[in-house]
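A.B. asks: One structure is given below, represented as structure tokens, and several questions about it will come after.
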Amino acid sequence: MAASPAQQAQGNRTVVELGDGWRFRKGDIPAQSPEFDDRDWSNVTVPHTWNRVGDYDAAAHVAGSSGRQLDKYMGVAWYRLSFVPPAAGPDKRIWLEFDAASRTAEVWLNGKRLGAHAGGFSRFRFDATDAIDKGGRNYLAVRVDNSEPQSGNATADTLPLAGDFFVQGGLYRPVRLIVTDAAHFSMDDFGGPGIYARTKSIASRTATVSVVAKLASERTGPLQGSVVTRLVATDGKIAARSVSPILLQSGGRVEVSQELTVPDAHLWQGTKDPYLYSLETELRDGKGRLLDRTEQPLGIRQFRIDPDKGFFINGEHVALHGVGLHQDSMEAGWAMTKSQIADRIATIRDMGANTIRLTHYQHGEPIHDLADRYGLVLWDEIALVTAWTLDKAQGAAPPEIMAQARQQLVELIRQNYNHPSVALWGIANEVDFGPMRPDFLGRGLKVSPSDPTPMLEELAAIVRNEDPDRASTLATCCEDRGMPDVPIVANAVPVSGGNRYFGWYYGKPEEVGPHFDALHAKRPSQPQAITEYGAGGALSIHTDNPLGGPFDMGGHDQPEEYQSWLHEKTWPILEKRPYLFASWLWNAFDFATVTRTEGDAKDINTKGLVSYDGRTRKDAFYYYRAHWSGQPTVHVNGRRYVQRAYPTTDISVYSNAPRTKLFLNGKELGEQGECDNLVCVWSDVRLSAGTNRVEAVGSFADKDVRDAVTWNLDASRASGYYIDSGALVAARGYGSDTFFKGGSAGSTDQHPRGRPAVLAPIVPDEEHAQLATFREGDFSYRLPVEPGRYSITLRFVEPRVAPGERVFDVKANGKTVLAGLDVAREAGAPSTLVARTVTVDVTGNALDLQFVPRKGDAIVSTIEVRPSA
């Protein structure tokens with residue numbers, strides 16, 4: 001095997017990308033020897049992961065999902081590469097650099113062990129000078145292990161210990177060889193660049209930038225020289241320059257501090273003006289000869305977060321609104337290329353987001369570079385997620401875990417310190433479940449864990465020491481949600497975020513505002529943000545009314561329309577609260593997890609606004625695009641709900657146009673002005689049998705923007721209504737519950753989260769799907785039918801009460817058609833079908849069905865209305 005290295009010069013360094021020519025095998029067969037025979041191993045290109053997780057049902061129409069080869073293997077695997085290094089003299093040092101290896105890595109070169117690294121998300125380097133054959137062929141072997149942490153195994157001390165995402169394995173980010181002079185900017189500083197710059201002050205357009213250069217030397221004698229730093233504008237002009245003499249002893253380390261004064265500084269102003277200088281730093285010897293050089297972008301900016309007014313960049317208020325993001329794609333898993341990452345960022349920017357929460361671990365260099373370039377504000381965080389110990393007693397973090405958290409945090413900060421886009425260092429996510437940690441994470445607790453606050457306070461202190469400008473932060477799940485024994489961890493950090501799923505896992509969307517109002521009142525001096533909110537949205541599952549019945553937060557019934565509804569209800573509440581300095585919805589894209597079988601997917605979290613492959617944008621994506629992007633946006637909702645259930649429907653359009661018209665099969669249905677919440681709705685639109693083309697046209701100042709969808713209506717549905725009462729997602733042959741007023745939806749079945757449904761016995765069993773759900777209470781239905789005679793069939797099942805406890809009437813257009821109905825008495829046995837059919841003449845344009853209780857609540861399971869001959 002032989003590499004074809006991509007070699008390039010960077011200043012006085014030589015960088016060789018080690019991407020091609022790797023051999024790979026899963027399993028733990030010692031393969032570090034240069035003589036090991038790997039000819040039967042697979043040929044792979046790095047970045048590489050063997051894992052492929054998650055697939056959609058065929059009905060979701062996600063190209064490439066159905067039938068693809070999945071691989072959930074978690075364990076040891078080996079990579080091997082032979083290569084010939086570039087020429088390097090005796091005064092050079094040679095380094096191996098890994099941008100990430102998951103979860104742990106152990107590295108040998110020519111049979112000599114260079115070292116090991118724990119933590120699957122950060123850059124690490126090894127000095128390979130003493131092991132490398134500078135003139136011949138070299139043999140590199142890397143053992144990686146992404147085993148799930150368990151007590152006593154090799155990854156037991158490697159974060160994350162838990163989490164609702166799949167930790168993929170491999171050399172999933174680039175690997176390279178770097179040749180430096182024996183005197184160089186530090187290469188062993190937690191994977192950092194060795195040069196650290198911060199905007200110290202900005203006053204009257206003059207900025208002061210402080211620079212710290214960390215130097216190391218393995219030369220045989222002392223070095224007298226200088227560090228030369230230049231700040232170069234985009235037009236090539238030098239904006240500032242500093243020269244500092246240095247004396248560097250053999251085997252020594254030196255830090256050099258410099259200050260750059262930048263007159264008329266061009267500031268990095270987020271998405272408004274993400275201006276980047278180039279920071280060029282050189283190490284020169286006493287004769288002025290270049291020994292080492294680094295070049296990296298620099299944005300001059302200062303952040304401030306006010307607990308009442310929100311987020312500021314250089315004194316200018318910026319309302320931050322954006323998304324959470326995981327680092328995987330359906331096609332590549334974690335081994336995403338730069339172009340694939342750029343595509344993801346392009347999608348996020350098109351939605352109009354100006355901030356990203358990089359969850360739940362350190363993301364790579366490419367996404368930070370893109371955020372710098374486009375002005376996206378970042379929340380970075382480490383992989384301290386939910387759990388900090390595997391001990392069943394749930395005590396304090398063991399020393400090994402605490403050391404791992406410290407290491408991940410320092411690596412995160414050093415490696416991303418110079419990125420102007422980074423605003424916050426996240427030290428933990430949802431470590432405040434207490435004893436209520438959900439079973440679906442695989443570690444439901446029977447005891448109350450220790451309070452992790454001491455651990456968090458230590459991590460917050462590291463942030464203060466490492467970075468005087470950025471705050472530590474964390475994302476909580478559970479404070480003030482009525483859960484017992486929940487530790488209040490937000491006090492450990494100066495800035496707090498909350499993951500809150502009102503309207504999904506608990507409560508109602510309108511409760512999110514009062515909840516954060518209470519937190520703001522509780523800690524008025526602490527800035528607050530909402531760090532997650534959202535709902536599952538299945539591409540192929542649909543409803544006619546998002547309030548028609550209960551959704552299943554851990555199972556199948558997660559229609560796309562409910563996701564849209566929840567975001568429509570939540571965003572206006574968040575937007576009106578300026579003290580929330582940022583909002584990050586969950587999630588930008590569907591992502592892999594092995595804790596879920598939900599909606600129309602397995603091993604996928606479907607809360608993304610875009611599908612896992614990055615190609616299908618769900619309706620809710622366009623809701624935010626209309627609000628956030630400033631781009632003309634017109635989007636007809638329900639495009640994937642093609643086969644319609646009812647002859648009449650409401651049509652919803654997301655539009656930020658001053659005027660929007662709707663057309664059905666070429667006929668104009670009316671124009672609306674600027675719509676409330678940018679959601680335009682045309683009610684009770686009657687479809688035709690066959691194909692229906694729905695088109696919306698938004699009129700903007702300079703152009704019209706159009707969007708169209710095509711729906712189908714079977715001839716058998718053109719004049720009839722088949723309602724699965726109480727169902728958010730209808731059984732086959734029916735439409736979901738809609739046209740109702742009042743009452744509440746229920747089911748005879750139980751749907752425990754993350755476990756199979758418990759089905760109640762219903763007679764007849766073959767009609768279980770439509771009979772299990774019901775609407776009960778004092779309620780009515782108003783069906784927009786044309787004048788004529790109709791046959792109405794009503795089906796009932798008594799879910800729980802005895803004869804005589806539930807008695808009610810049914811009226812049609814004010815006339816009683818069923819009197820004193822007692823379903824339990826009529827059935828004669830529990831959970832047994834009772835059906836009644838009546839004929840009604842309708843003279844107007846609607847059929848009103850009223851279910852009027854006499855004793856207890858009225859109830860109905862299905863309603864069928866058909867024209868009668």
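Here, A, B, ... name the chains of the structure tokens in the order displayed, residue numbers run from 1 inside each chain, and ligands are numbered from 1 in the same displayed order.
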Which residues, written as JSON, numbers by chain, have at least one atom at most 10 Å from Arg640 of chain A, with only C-alpha atoms counted and residues fewer than 3 positions away on the same chain left out?
C.D. replies: {"A": [60, 61, 539, 540, 541, 542, 560, 618, 619, 637, 643, 709, 710, 711]}
A.B. asks: Which residues of segment 306-397 of chain A come within 12 Å of segment 470-489 of chain A, and for each one, what is the closest pair of atoms and their distance in Å to one decimal, counting only C-alpha atoms, sorted by chain and residue number, as JSON lines?
C.D. replies:
{"residue": "A:Gly324", "atom": "CA", "partner": "A:Ala475", "partner_atom": "CA", "distance": 11.8}
{"residue": "A:Arg357", "atom": "CA", "partner": "A:Ala475", "partner_atom": "CA", "distance": 10.6}
{"residue": "A:Thr359", "atom": "CA", "partner": "A:Ala475", "partner_atom": "CA", "distance": 10.4}
{"residue": "A:His360", "atom": "CA", "partner": "A:Ala475", "partner_atom": "CA", "distance": 10.2}
{"residue": "A:Leu378", "atom": "CA", "partner": "A:Arg470", "partner_atom": "CA", "distance": 11.4}
{"residue": "A:Trp379", "atom": "CA", "partner": "A:Thr473", "partner_atom": "CA", "distance": 8.9}
{"residue": "A:Asp380", "atom": "CA", "partner": "A:Thr473", "partner_atom": "CA", "distance": 9.5}
{"residue": "A:Glu381", "atom": "CA", "partner": "A:Leu474", "partner_atom": "CA", "distance": 8.2}
{"residue": "A:Ile382", "atom": "CA", "partner": "A:Leu474", "partner_atom": "CA", "distance": 9.8}
{"residue": "A:Ala383", "atom": "CA", "partner": "A:Leu474", "partner_atom": "CA", "distance": 11.3}
{"residue": "A:Leu384", "atom": "CA", "partner": "A:Leu474", "partner_atom": "CA", "distance": 9.8}
{"residue": "A:Val385", "atom": "CA", "partner": "A:Ala475", "partner_atom": "CA", "distance": 9.6}
{"residue": "A:Thr386", "atom": "CA", "partner": "A:Cys477", "partner_atom": "CA", "distance": 9.5}
A.B. asks: Report the residues of segment 757-811 of chain A whose backbone DSSP state falls under strand (DSSP E or B), written as a list of chain:residue names.
C.D. replies: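 Filtering segment 757-811 of chain A to strand (DSSP E or B) leaves A:Val758, A:Val763, A:Thr773, A:Phe774, A:Arg775, A:Glu776, A:Gly777, A:Asp778, A:Phe779, A:Ser780, A:Tyr781, A:Arg782, A:Leu783, A:Gly788, A:Arg789, A:Tyr790, A:Ser791, A:Ile792, A:Thr793, A:Leu794, A:Arg795, A:Phe796, A:Val807, A:Phe808, A:Asp809, A:Val810, A:Lys811.
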A.B. asks: Would you compute the distance between atom CA of Gly194 of chain A and atom CA of Ala216 of chain A? Give it in Å to one decimal.
C.D. replies: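 These atoms are spaced 9.5 Å apart.
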A.B. asks: Taking the backbone alone, and naming residues the way the document does, which bits of segment 747-800 of chain A are alpha helix (DSSP H) by DSSP, as a PDB file with C-alpha atoms, in the first residue's frame?
C.D. replies:
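File written: result.pdb
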ATOM      1  CA  HIS A 768     -59.007  -1.625  15.547  1.00  0.00           C
ATOM      2  CA  ALA A 769     -57.003   1.141  13.836  1.00  0.00           C
ATOM      3  CA  GLN A 770     -60.002   3.421  13.188  1.00  0.00           C
ATOM      4  CA  LEU A 771     -62.025   2.489  16.274  1.00  0.00           C
TER       5      LEU A 771
END
A.B. asks: Given only C-alpha atoms as the basis, pick out the residue of A:Trp108, A:Phe774, A:Phe303, A:Phe121 nearest to Tyr139 of chain A.
C.D. replies: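 When distances to Tyr139 of chain A are compared using only C-alpha atoms, the smallest one comes from A:Trp108.
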A.B. asks: When distances are computed from only C-alpha atoms, which of A:Val431, A:Val227, A:Leu276, A:Val594 shows the smallest separation from Tyr73 of chain A?
C.D. replies: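 The answer is A:Val594, which sits nearest to Tyr73 of chain A.
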A.B. asks: Which residues come within 10 Å of segment 284-286 of chain A, counting only C-alpha atoms, excluding same-chain residues fewer than 4 positions away, as a ChimeraX atom specification?
C.D. replies: /A:183-184,223-228,245-247,290-293
A.B. asks: List the neighbours of Val142 of chain A out to 12 Å using only C-alpha atoms; skip same-chain residues closer than 2 positions along the sequence, and give me the result as number ranges by chain.
C.D. replies: A: 22-26, 28-33, 76-82, 96, 98, 101-102, 104-117, 139-140, 144-145, 170-171, 175
A.B. asks: Residues within 7 Å of Val797 of chain A, please, as a list in words. Count only C-alpha atoms; anything in the same chain fewer than 6 positions from it doesn't count.
C.D. replies: Leu771, Val823, Ser831, Thr832, Leu833, Val834 and Ser861 of chain A
A.B. asks: Would you list the contacts of Ser791 of chain A as a CSV table (one decimal) with C-alpha atoms, in the first residue's frame, taking every protein, DNA or RNA residue within 6 Å and counting only C-alpha atoms, but skipping same-chain residues closer than 4 positions in sequence?
C.D. replies:
chain,number,residue,atom,x,y,z
A,838,VAL,CA,-79.2,7.8,9.7
A,839,THR,CA,-80.3,9.7,6.6
A,865,VAL,CA,-71.0,11.1,5.4
A,866,ARG,CA,-72.0,10.0,1.9
A,868,SER,CA,-77.6,9.1,-0.5
A.B. asks: Go ahead and compute the interatomic distance for atom CA of Val860 of chain A and atom CA of Glu776 of chain A, in Å to one decimal.
C.D. replies: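 These two atoms are separated by 6.7 Å.
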A.B. asks: With only C-alpha atoms as the counted atoms, please give the residues lying no more than 9 Å from Lys811 of chain A, apart from itself and same-chain residues fewer than 6 positions off, as a PDB file with all heavy atoms, in the first residue's frame.
C.D. replies:
ATOM      1  N   VAL A 817     -81.174  12.828  15.884  1.00  0.00           N
ATOM      2  CA  VAL A 817     -81.225  11.624  15.048  1.00  0.00           C
ATOM      3  C   VAL A 817     -80.881  10.376  15.860  1.00  0.00           C
ATOM      4  O   VAL A 817     -81.188   9.259  15.436  1.00  0.00           O
ATOM      5  CB  VAL A 817     -80.274  11.749  13.840  1.00  0.00           C
ATOM      6  CG1 VAL A 817     -80.770  12.819  12.871  1.00  0.00           C
ATOM      7  CG2 VAL A 817     -78.839  12.046  14.272  1.00  0.00           C
ATOM      8  N   LEU A 818     -80.205  10.569  16.989  1.00  0.00           N
ATOM      9  CA  LEU A 818     -79.972   9.471  17.934  1.00  0.00           C
ATOM     10  C   LEU A 818     -80.238  10.027  19.321  1.00  0.00           C
ATOM     11  O   LEU A 818     -79.654  11.026  19.724  1.00  0.00           O
ATOM     12  CB  LEU A 818     -78.525   8.955  17.847  1.00  0.00           C
ATOM     13  CG  LEU A 818     -78.089   8.274  16.558  1.00  0.00           C
ATOM     14  CD1 LEU A 818     -76.602   7.921  16.617  1.00  0.00           C
ATOM     15  CD2 LEU A 818     -78.908   7.022  16.291  1.00  0.00           C
ATOM     16  N   ALA A 819     -81.101   9.347  20.066  1.00  0.00           N
ATOM     17  CA  ALA A 819     -81.510   9.854  21.380  1.00  0.00           C
ATOM     18  C   ALA A 819     -81.132   8.864  22.473  1.00  0.00           C
ATOM     19  O   ALA A 819     -81.367   7.654  22.342  1.00  0.00           O
ATOM     20  CB  ALA A 819     -83.021  10.108  21.408  1.00  0.00           C
ATOM     21  N   ASP A 848     -74.285  20.152  10.165  1.00  0.00           N
ATOM     22  CA  ASP A 848     -73.849  20.301  11.552  1.00  0.00           C
ATOM     23  C   ASP A 848     -74.250  19.064  12.338  1.00  0.00           C
ATOM     24  O   ASP A 848     -75.445  18.729  12.426  1.00  0.00           O
ATOM     25  CB  ASP A 848     -74.483  21.539  12.189  1.00  0.00           C
ATOM     26  CG  ASP A 848     -73.898  22.822  11.634  1.00  0.00           C
ATOM     27  OD1 ASP A 848     -72.664  22.947  11.626  1.00  0.00           O
ATOM     28  OD2 ASP A 848     -74.678  23.692  11.196  1.00  0.00           O
ATOM     29  N   LEU A 849     -73.258  18.398  12.895  1.00  0.00           N
ATOM     30  CA  LEU A 849     -73.494  17.251  13.762  1.00  0.00           C
ATOM     31  C   LEU A 849     -73.124  17.649  15.181  1.00  0.00           C
ATOM     32  O   LEU A 849     -71.986  18.070  15.442  1.00  0.00           O
ATOM     33  CB  LEU A 849     -72.653  16.050  13.327  1.00  0.00           C
ATOM     34  CG  LEU A 849     -72.963  15.461  11.946  1.00  0.00           C
ATOM     35  CD1 LEU A 849     -71.966  14.363  11.607  1.00  0.00           C
ATOM     36  CD2 LEU A 849     -74.392  14.910  11.906  1.00  0.00           C
ATOM     37  N   GLN A 850     -74.095  17.507  16.090  1.00  0.00           N
ATOM     38  CA  GLN A 850     -73.867  17.874  17.485  1.00  0.00           C
ATOM     39  C   GLN A 850     -73.953  16.625  18.358  1.00  0.00           C
ATOM     40  O   GLN A 850     -74.865  15.809  18.198  1.00  0.00           O
ATOM     41  CB  GLN A 850     -74.906  18.885  17.961  1.00  0.00           C
ATOM     42  CG  GLN A 850     -74.813  20.240  17.278  1.00  0.00           C
ATOM     43  CD  GLN A 850     -75.952  21.144  17.709  1.00  0.00           C
ATOM     44  OE1 GLN A 850     -77.093  20.992  17.272  1.00  0.00           O
ATOM     45  NE2 GLN A 850     -75.636  22.073  18.606  1.00  0.00           N
ATOM     46  N   PHE A 851     -72.980  16.481  19.246  1.00  0.00           N
ATOM     47  CA  PHE A 851     -72.945  15.362  20.185  1.00  0.00           C
ATOM     48  C   PHE A 851     -73.169  15.959  21.575  1.00  0.00           C
ATOM     49  O   PHE A 851     -72.291  16.631  22.127  1.00  0.00           O
ATOM     50  CB  PHE A 851     -71.604  14.628  20.076  1.00  0.00           C
ATOM     51  CG  PHE A 851     -71.404  13.953  18.751  1.00  0.00           C
ATOM     52  CD1 PHE A 851     -71.035  14.685  17.614  1.00  0.00           C
ATOM     53  CD2 PHE A 851     -71.606  12.590  18.605  1.00  0.00           C
ATOM     54  CE1 PHE A 851     -70.863  14.068  16.381  1.00  0.00           C
ATOM     55  CE2 PHE A 851     -71.438  11.963  17.375  1.00  0.00           C
ATOM     56  CZ  PHE A 851     -71.075  12.698  16.259  1.00  0.00           C
ATOM     57  N   VAL A 852     -74.357  15.725  22.103  1.00  0.00           N
ATOM     58  CA  VAL A 852     -74.835  16.448  23.285  1.00  0.00           C
ATOM     59  C   VAL A 852     -74.937  15.493  24.477  1.00  0.00           C
ATOM     60  O   VAL A 852     -75.748  14.550  24.463  1.00  0.00           O
ATOM     61  CB  VAL A 852     -76.206  17.085  23.017  1.00  0.00           C
ATOM     62  CG1 VAL A 852     -76.647  17.918  24.216  1.00  0.00           C
ATOM     63  CG2 VAL A 852     -76.162  17.939  21.747  1.00  0.00           C
TER      64      VAL A 852
END
A.B. asks: State, in Å with one decimal place, the distance from atom CA of Glu282 of chain A to atom CA of Asp372 of chain A.
C.D. replies: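 The value is 22.8 Å.
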A.B. asks: Nearest to Tyr196 of chain A: which of A:Asn416, A:Ser147, A:Thr597, A:Thr347 is it, counting only C-alpha atoms?
C.D. replies: A:Asn416
A.B. asks: Using only C-alpha atoms, find the one residue out of A:Thr49, A:Asn813, A:Gln296, A:Ser780 that sits nearest to Val840 of chain A.
C.D. replies: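 Among the listed residues, A:Asn813 lies closest to Val840 of chain A.
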